[in-house]
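Participant: Below is the file data-v3.cif, with mmCIF, C-alpha atoms.
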```cif
data_run
loop_
_atom_site.group_PDB
_atom_site.id
_atom_site.type_symbol
_atom_site.label_atom_id
_atom_site.label_comp_id
_atom_site.auth_asym_id
_atom_site.auth_seq_id
_atom_site.Cartn_x
_atom_site.Cartn_y
_atom_site.Cartn_z
ATOM 1 C CA MET A 8 -14.454 13.754 20.107
ATOM 2 C CA SER A 9 -12.841 15.338 17.099
ATOM 3 C CA ASP A 10 -16.240 15.422 15.367
ATOM 4 C CA ILE A 11 -17.748 17.283 18.288
ATOM 5 C CA LEU A 12 -14.884 19.750 18.322
ATOM 6 C CA ALA A 13 -15.068 20.219 14.581
ATOM 7 C CA LYS A 14 -18.725 21.158 14.852
ATOM 8 C CA GLY A 15 -17.876 23.746 17.494
ATOM 9 C CA ARG A 16 -20.228 22.303 20.072
ATOM 10 C CA THR A 17 -19.713 22.835 23.791
ATOM 11 C CA VAL A 18 -18.371 19.848 25.683
ATOM 12 C CA ARG A 19 -19.081 19.758 29.443
ATOM 13 C CA PHE A 20 -16.638 18.029 31.732
ATOM 14 C CA SER A 21 -17.055 17.042 35.371
ATOM 15 C CA LYS A 22 -15.781 19.623 37.894
ATOM 16 C CA LYS A 23 -12.847 17.423 38.833
ATOM 17 C CA LEU A 24 -11.831 16.880 35.195
ATOM 18 C CA ASP A 25 -12.451 20.545 34.438
ATOM 19 C CA ARG A 26 -10.053 21.616 37.222
ATOM 20 C CA SER A 27 -7.489 19.128 36.011
ATOM 21 C CA LEU A 28 -7.780 20.280 32.389
ATOM 22 C CA THR A 29 -7.631 23.941 33.389
ATOM 23 C CA ALA A 30 -4.475 23.332 35.403
ATOM 24 C CA GLU A 31 -2.819 21.402 32.601
ATOM 25 C CA ALA A 32 -3.832 24.026 30.025
ATOM 26 C CA ALA A 33 -2.337 26.746 32.230
ATOM 27 C CA ARG A 34 0.828 24.726 32.628
ATOM 28 C CA GLN A 35 1.146 24.361 28.841
ATOM 29 C CA ASN A 36 0.016 27.961 28.298
ATOM 30 C CA VAL A 37 -2.788 26.954 25.922
ATOM 31 C CA SER A 38 -6.581 27.116 26.096
ATOM 32 C CA VAL A 39 -8.568 24.134 27.358
ATOM 33 C CA SER A 40 -10.094 23.781 23.887
ATOM 34 C CA ASP A 41 -6.659 23.554 22.303
ATOM 35 C CA LEU A 42 -5.531 21.083 24.921
ATOM 36 C CA VAL A 43 -8.502 18.816 24.256
ATOM 37 C CA ARG A 44 -8.153 19.169 20.502
ATOM 38 C CA ARG A 45 -4.487 18.220 20.649
ATOM 39 C CA ALA A 46 -5.269 15.228 22.839
ATOM 40 C CA ALA A 47 -7.970 14.074 20.435
ATOM 41 C CA GLU A 48 -5.707 14.466 17.424
ATOM 42 C CA SER A 49 -2.924 12.640 19.218
ATOM 43 C CA ALA A 50 -5.274 9.779 20.116
ATOM 44 C CA LEU A 51 -6.518 9.541 16.542
ATOM 45 C CA HIS A 52 -2.972 9.503 15.234
ATOM 46 C CA ALA A 53 -1.894 6.875 17.757
ATOM 47 C CA SER A 54 -4.724 4.556 16.739
ATOM 48 C CA THR A 55 -3.877 4.789 13.051
ATOM 49 C CA GLU A 56 -2.654 1.425 11.880
ATOM 50 C CA CYS A 57 0.335 1.450 9.571
ATOM 51 C CA ALA A 58 -0.100 0.058 6.066
ATOM 52 C CA GLY A 59 2.200 -2.911 6.661
ATOM 53 C CA ASP A 60 0.265 -4.048 9.728
ATOM 54 C CA TRP A 61 -3.035 -3.536 7.943
ATOM 55 C CA CYS A 62 -1.891 -5.766 5.079
ATOM 56 C CA LEU A 63 -0.652 -8.385 7.546
ATOM 57 C CA GLY A 64 -3.992 -8.264 9.375
ATOM 58 C CA LEU A 65 -5.893 -8.945 6.173
ATOM 59 C CA ALA A 66 -3.739 -12.013 5.564
ATOM 60 C CA GLN A 67 -5.240 -13.542 8.732
ATOM 61 C CA ARG A 68 -8.909 -13.049 7.887
ATOM 62 C CA LYS A 69 -11.080 -15.930 6.803
ATOM 63 C CA SER A 70 -13.860 -14.036 5.026
ATOM 64 C CA PRO A 71 -15.055 -15.405 1.678
ATOM 65 C CA ARG A 72 -13.483 -14.028 -1.456
ATOM 66 C CA LYS A 73 -14.714 -13.282 -4.895
ATOM 67 C CA LYS A 74 -14.099 -16.046 -7.393
ATOM 68 C CA THR A 75 -11.610 -15.475 -10.172
ATOM 69 C CA ASP A 76 -11.650 -17.030 -13.600
ATOM 70 C CA PRO A 77 -9.097 -19.889 -13.428
ATOM 71 C CA GLU A 78 -7.856 -18.959 -16.890
ATOM 72 C CA LEU A 79 -6.875 -15.510 -15.632
ATOM 73 C CA ILE A 80 -4.924 -17.072 -12.794
ATOM 74 C CA ALA A 81 -3.278 -19.540 -15.159
ATOM 75 C CA ALA A 82 -2.267 -16.690 -17.459
ATOM 76 C CA TYR A 83 -0.777 -14.804 -14.529
ATOM 77 C CA ASP A 84 1.133 -17.916 -13.465
ATOM 78 C CA ARG A 85 2.492 -18.440 -16.950
ATOM 79 C CA ARG A 86 3.828 -14.899 -17.028
ATOM 80 C CA HIS A 87 5.414 -15.078 -13.581
ATOM 81 C CA LYS A 88 6.744 -18.626 -13.411
ATOM 82 C CA MET B 28 9.175 2.939 5.654
ATOM 83 C CA LYS B 29 7.527 3.804 2.338
ATOM 84 C CA ALA B 30 8.000 1.611 -0.711
ATOM 85 C CA ILE B 31 6.747 1.003 -4.225
ATOM 86 C CA LEU B 32 4.648 -2.142 -4.448
ATOM 87 C CA ASP B 33 4.194 -4.562 -7.321
ATOM 88 C CA ALA B 34 1.359 -7.112 -7.317
ATOM 89 C CA GLY B 35 3.319 -10.234 -6.351
ATOM 90 C CA PRO B 36 4.032 -9.421 -2.703
ATOM 91 C CA LEU B 37 0.383 -8.695 -1.886
ATOM 92 C CA ILE B 38 -0.763 -11.814 -3.733
ATOM 93 C CA ALA B 39 1.776 -13.858 -1.778
ATOM 94 C CA LEU B 40 0.660 -12.286 1.500
ATOM 95 C CA TRP B 41 -3.106 -12.459 1.076
ATOM 96 C CA GLY B 42 -3.218 -15.745 -0.765
ATOM 97 C CA ARG B 43 -4.620 -16.686 -4.120
ATOM 98 C CA ALA B 44 -8.287 -16.884 -4.958
ATOM 99 C CA ASP B 45 -7.783 -20.468 -6.169
ATOM 100 C CA GLN B 46 -6.408 -21.399 -2.711
ATOM 101 C CA ARG B 47 -3.155 -22.713 -4.171
ATOM 102 C CA PRO B 48 -0.251 -21.968 -1.813
ATOM 103 C CA ASP B 49 2.123 -19.193 -2.775
ATOM 104 C CA LYS B 50 5.794 -20.057 -2.362
ATOM 105 C CA HIS B 51 6.624 -16.482 -1.377
ATOM 106 C CA HIS B 52 4.145 -16.207 1.503
ATOM 107 C CA GLU B 53 6.674 -16.376 4.352
ATOM 108 C CA TRP B 54 8.867 -13.813 2.614
ATOM 109 C CA ALA B 55 5.870 -11.532 2.123
ATOM 110 C CA VAL B 56 5.015 -11.700 5.832
ATOM 111 C CA LYS B 57 8.540 -10.538 6.664
ATOM 112 C CA ILE B 58 8.384 -7.785 4.055
ATOM 113 C CA PHE B 59 5.123 -6.304 5.332
ATOM 114 C CA ALA B 60 6.391 -6.513 8.899
ATOM 115 C CA HIS B 61 9.481 -4.568 7.812
ATOM 116 C CA TYR B 62 7.909 -1.923 5.570
ATOM 117 C CA SER B 63 5.329 0.158 7.407
ATOM 118 C CA GLY B 64 4.112 1.888 4.260
ATOM 119 C CA PRO B 65 2.239 3.630 2.851
ATOM 120 C CA PHE B 66 2.787 1.768 -0.383
ATOM 121 C CA PHE B 67 2.923 3.577 -3.688
ATOM 122 C CA THR B 68 1.396 1.564 -6.485
ATOM 123 C CA SER B 69 -0.938 1.829 -9.467
ATOM 124 C CA GLU B 70 -4.501 0.915 -10.327
ATOM 125 C CA THR B 71 -3.178 -1.677 -12.773
ATOM 126 C CA VAL B 72 -1.167 -3.376 -10.040
ATOM 127 C CA LEU B 73 -4.088 -3.275 -7.621
ATOM 128 C CA GLY B 74 -6.298 -4.725 -10.356
ATOM 129 C CA GLU B 75 -3.938 -7.687 -10.649
ATOM 130 C CA VAL B 76 -4.015 -8.178 -6.908
ATOM 131 C CA GLY B 77 -7.803 -7.968 -6.984
ATOM 132 C CA PHE B 78 -8.366 -10.721 -9.500
ATOM 133 C CA MET B 79 -5.616 -12.948 -8.105
ATOM 134 C CA THR B 80 -6.740 -12.731 -4.468
ATOM 135 C CA GLY B 81 -10.480 -12.019 -4.744
ATOM 136 C CA CYS B 82 -9.986 -9.137 -2.304
ATOM 137 C CA ALA B 83 -11.173 -6.248 -4.453
ATOM 138 C CA ALA B 84 -13.209 -4.624 -1.690
ATOM 139 C CA ASP B 85 -10.271 -4.763 0.715
ATOM 140 C CA ILE B 86 -8.066 -3.076 -1.863
ATOM 141 C CA LEU B 87 -10.477 -0.169 -2.108
ATOM 142 C CA LYS B 88 -10.489 0.106 1.685
ATOM 143 C CA GLY B 89 -6.696 0.208 1.609
ATOM 144 C CA VAL B 90 -6.806 3.058 -0.895
ATOM 145 C CA ALA B 91 -9.376 4.915 1.213
ATOM 146 C CA LYS B 92 -7.177 4.527 4.293
ATOM 147 C CA ARG B 93 -4.163 5.780 2.306
ATOM 148 C CA HIS B 94 -2.304 2.526 2.904
ATOM 149 C CA PHE B 95 -2.063 2.287 -0.890
ATOM 150 C CA ILE B 96 -1.296 5.479 -2.746
ATOM 151 C CA VAL B 97 -2.057 5.378 -6.450
ATOM 152 C CA GLY B 98 0.937 7.175 -7.899
ATOM 153 C CA THR B 99 0.501 6.637 -11.616
ATOM 154 C CA ASP B 100 -2.433 6.724 -13.962
ATOM 155 C CA PHE B 101 -2.889 6.396 -17.680
ATOM 156 C CA GLU B 102 -3.989 9.963 -18.224
ATOM 157 C CA HIS B 103 -1.022 11.670 -16.584
ATOM 158 C CA ASP B 104 1.645 9.055 -17.253
ATOM 159 C CA PHE B 105 0.627 7.998 -20.739
ATOM 160 C CA ALA B 106 3.858 9.180 -22.353
ATOM 161 C CA ALA B 107 6.169 7.702 -19.718
ATOM 162 C CA MET B 108 4.371 4.346 -19.649
ATOM 163 C CA SER B 109 4.334 4.241 -23.444
ATOM 164 C CA ARG B 110 8.083 4.813 -23.481
ATOM 165 C CA VAL B 111 8.702 1.974 -21.014
ATOM 166 C CA LEU B 112 6.372 -0.403 -22.875
ATOM 167 C CA ALA B 113 8.045 0.385 -26.183
ATOM 168 C CA HIS B 114 11.529 -0.091 -24.784
ATOM 169 C CA PHE B 115 10.979 -3.439 -23.066
ATOM 170 C CA ASP B 116 9.208 -6.081 -25.150
ATOM 171 C CA HIS B 117 8.444 -8.224 -22.098
ATOM 172 C CA CYS B 118 6.959 -5.340 -20.083
ATOM 173 C CA ASP B 119 3.226 -5.288 -19.366
ATOM 174 C CA LEU B 120 1.042 -2.389 -18.235
ATOM 175 C CA ALA B 121 1.430 -3.077 -14.524
ATOM 176 C CA ASP B 122 5.206 -3.349 -14.774
ATOM 177 C CA SER B 123 5.416 -0.139 -16.793
ATOM 178 C CA SER B 124 3.436 1.685 -14.116
ATOM 179 C CA VAL B 125 5.874 0.455 -11.457
ATOM 180 C CA VAL B 126 8.898 1.552 -13.501
ATOM 181 C CA VAL B 127 7.359 5.001 -13.964
ATOM 182 C CA LEU B 128 6.638 5.175 -10.237
ATOM 183 C CA SER B 129 10.282 4.407 -9.570
ATOM 184 C CA GLU B 130 11.270 7.248 -11.875
ATOM 185 C CA LYS B 131 9.037 9.585 -9.854
ATOM 186 C CA LEU B 132 10.201 8.255 -6.471
ATOM 187 C CA PRO B 133 13.756 7.100 -7.171
ATOM 188 C CA ASN B 134 14.784 6.599 -3.555
ATOM 189 C CA LEU B 135 12.022 4.153 -2.655
ATOM 190 C CA ASP B 136 12.559 0.395 -2.752
ATOM 191 C CA VAL B 137 10.501 -1.487 -5.311
ATOM 192 C CA ILE B 138 9.049 -4.638 -3.756
ATOM 193 C CA THR B 139 8.266 -7.380 -6.242
ATOM 194 C CA THR B 140 8.404 -11.151 -6.674
ATOM 195 C CA ASP B 141 9.053 -10.771 -10.402
ATOM 196 C CA ARG B 142 12.818 -11.154 -10.440
ATOM 197 C CA ARG B 143 12.940 -12.261 -14.078
ATOM 198 C CA HIS B 144 11.428 -9.083 -15.459
ATOM 199 C CA PHE B 145 12.440 -6.425 -12.943
ATOM 200 C CA LEU B 146 16.137 -7.219 -13.158
ATOM 201 C CA THR B 147 16.016 -6.115 -16.788
ATOM 202 C CA TYR B 148 14.083 -2.851 -16.425
ATOM 203 C CA ARG B 149 15.865 0.476 -16.391
ATOM 204 C CA ARG B 150 14.607 3.938 -15.569
ATOM 205 C CA MET B 151 14.794 6.868 -17.976
ATOM 206 C CA ASP B 152 18.247 7.809 -16.624
ATOM 207 C CA ARG B 153 19.352 4.194 -17.358
ATOM 208 C CA SER B 154 19.655 3.353 -13.666
ATOM 209 C CA ALA B 155 18.441 0.018 -12.324
ATOM 210 C CA LEU B 156 15.457 -0.046 -10.009
ATOM 211 C CA PRO B 157 16.215 -0.554 -6.286
ATOM 212 C CA VAL B 158 14.313 -3.832 -6.210
ATOM 213 C CA VAL B 159 13.610 -6.083 -3.229
ATOM 214 C CA PHE B 160 13.097 -9.746 -4.215
ATOM 215 C CA PRO B 161 12.433 -12.959 -2.296
ATOM 216 C CA ASP B 162 15.624 -14.768 -1.272
#
```
Could you show the structure in this file as structure tokens?
Facilitator:
Amino acid sequence: MSDILAKGRTVRFSKKLDRSLTAEAARQNVSVSDLVRRAAESALHASTECAGDWCLGLAQRKSPRKKTDPELIAAYDRRHK
Amino acid sequence: MKAILDAGPLIALWGRADQRPDKHHEWAVKIFAHYSGPFFTSETVLGEVGFMTGCAADILKGVAKRHFIVGTDFEHDFAAMSRVLAHFDHCDLADSSVVVLSEKLPNLDVITTDRRHFLTYRRMDRSALPVVFPD
């Protein structure tokens, strides 16, 4: 939705939704476009995963990994033991 | 909550490319559940994580999503990193980048598994880093 709004294209709603949006926009004293834009931005923000959860999610995945030279790993272990 | 991230916690969380278990994994799970991020780190640190975990592509995705914010680089922080490297014989490039990050963002915790080295590092004002270690 944000892409559509960003391109400035007209979005048509059903009459029922249009009445509802118009009423809510009037209540908030904003235009319908602003109301929809705010809702889209809010939805995008709400769906944004935090970095900690994203890192935790990756810990669960089972996808194959690139191989690492065992000598590099051994060198890292020696430094951090 | 934002934090500065060394390589060890991510390696412990994601697991090693050689499949050997990491003794800090359970701690790392708790840490990443506690700190929401984003995590300030450096390309050198992320490089370490990449070769130790085999997750290079995921690291780039994390940077693109701004989960990892690269806060130091050689070009801009050459002098500061050189100073840290010269002062601490046991300091490597990744560690120096984390120390410099902590000088830039002094109020952020520094999350690391490297107790032995990070307990000895000091910032330019001689203060210790606010480090978070495994128990």
Participant: Edge lengths and centre in Å to one decimal, as JSON, is what I'm after for the box along x, y and z that holds all listed atoms of range 78-82 of chain B once 5 Å is added on each side.
Facilitator:
```
{"center_x": -8.0, "center_y": -11.0, "center_z": -5.9, "size_x": 14.9, "size_y": 13.8, "size_z": 17.2}
```
Participant: Give me the residues near range 32-38 of chain B as a compact mmCIF listing (two decimals) with C-alpha atoms, in the frame of the given file, where near means some atom within 9 Å (using all atoms listed in the file) and where sequence neighbours in that chain fewer than 3 positions away do not count.
Facilitator:
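What follows is the written file around_23.txt:
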```txt
# COMPACT_ATOMS: atom_id res chain seq x y z
CA CYS A 62 -1.89 -5.77 5.08
CA HIS A 87 5.41 -15.08 -13.58
CA TRP B 41 -3.11 -12.46 1.08
CA GLY B 42 -3.22 -15.74 -0.76
CA ARG B 43 -4.62 -16.69 -4.12
CA ASP B 49 2.12 -19.19 -2.78
CA HIS B 51 6.62 -16.48 -1.38
CA HIS B 52 4.14 -16.21 1.50
CA TRP B 54 8.87 -13.81 2.61
CA ALA B 55 5.87 -11.53 2.12
CA VAL B 56 5.01 -11.70 5.83
CA ILE B 58 8.38 -7.78 4.06
CA PHE B 59 5.12 -6.30 5.33
CA PHE B 66 2.79 1.77 -0.38
CA PHE B 67 2.92 3.58 -3.69
CA THR B 68 1.40 1.56 -6.48
CA SER B 69 -0.94 1.83 -9.47
CA THR B 71 -3.18 -1.68 -12.77
CA VAL B 72 -1.17 -3.38 -10.04
CA LEU B 73 -4.09 -3.28 -7.62
CA GLY B 74 -6.30 -4.72 -10.36
CA GLU B 75 -3.94 -7.69 -10.65
CA VAL B 76 -4.01 -8.18 -6.91
CA GLY B 77 -7.80 -7.97 -6.98
CA MET B 79 -5.62 -12.95 -8.10
CA THR B 80 -6.74 -12.73 -4.47
CA PHE B 95 -2.06 2.29 -0.89
CA ALA B 121 1.43 -3.08 -14.52
CA ASP B 122 5.21 -3.35 -14.77
CA VAL B 125 5.87 0.46 -11.46
CA ASP B 136 12.56 0.40 -2.75
CA VAL B 137 10.50 -1.49 -5.31
CA ILE B 138 9.05 -4.64 -3.76
CA THR B 139 8.27 -7.38 -6.24
CA THR B 140 8.40 -11.15 -6.67
CA ASP B 141 9.05 -10.77 -10.40
```
Participant: I need the contact residues of chain A against chain B, so if you could list those with any atom within 10 Å, counting only C-alpha atoms, and return them as an MDAnalysis selection string, that would help.
Facilitator: chainID A and resid 55:68 70:77 79:81 83:84 86:88
Participant: Would you list the contacts of Leu42 in chain A as a list in words, taking every protein, DNA or RNA residue within 12 Å and counting all atoms listed in the file, but skipping same-chain residues closer than 3 positions in sequence?
Facilitator: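 So, after excluding close chain neighbours, the residues are Leu12, Asp25, Ser27, Leu28, Thr29, Ala30, Glu31, Ala32, Ala33, Arg34, Gln35, Asn36, Val37, Ser38, Val39, Arg45, Ala46, Ala47, Glu48 and Ser49 of chain A.
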Participant: Measuring between all atoms listed in the file, which one of B:Val111, B:Leu146, B:Ala30, B:Val97 shows the shortest distance to Phe160 in chain B?
Facilitator: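 Closest to Phe160 in chain B, using all atoms listed in the file: B:Leu146.
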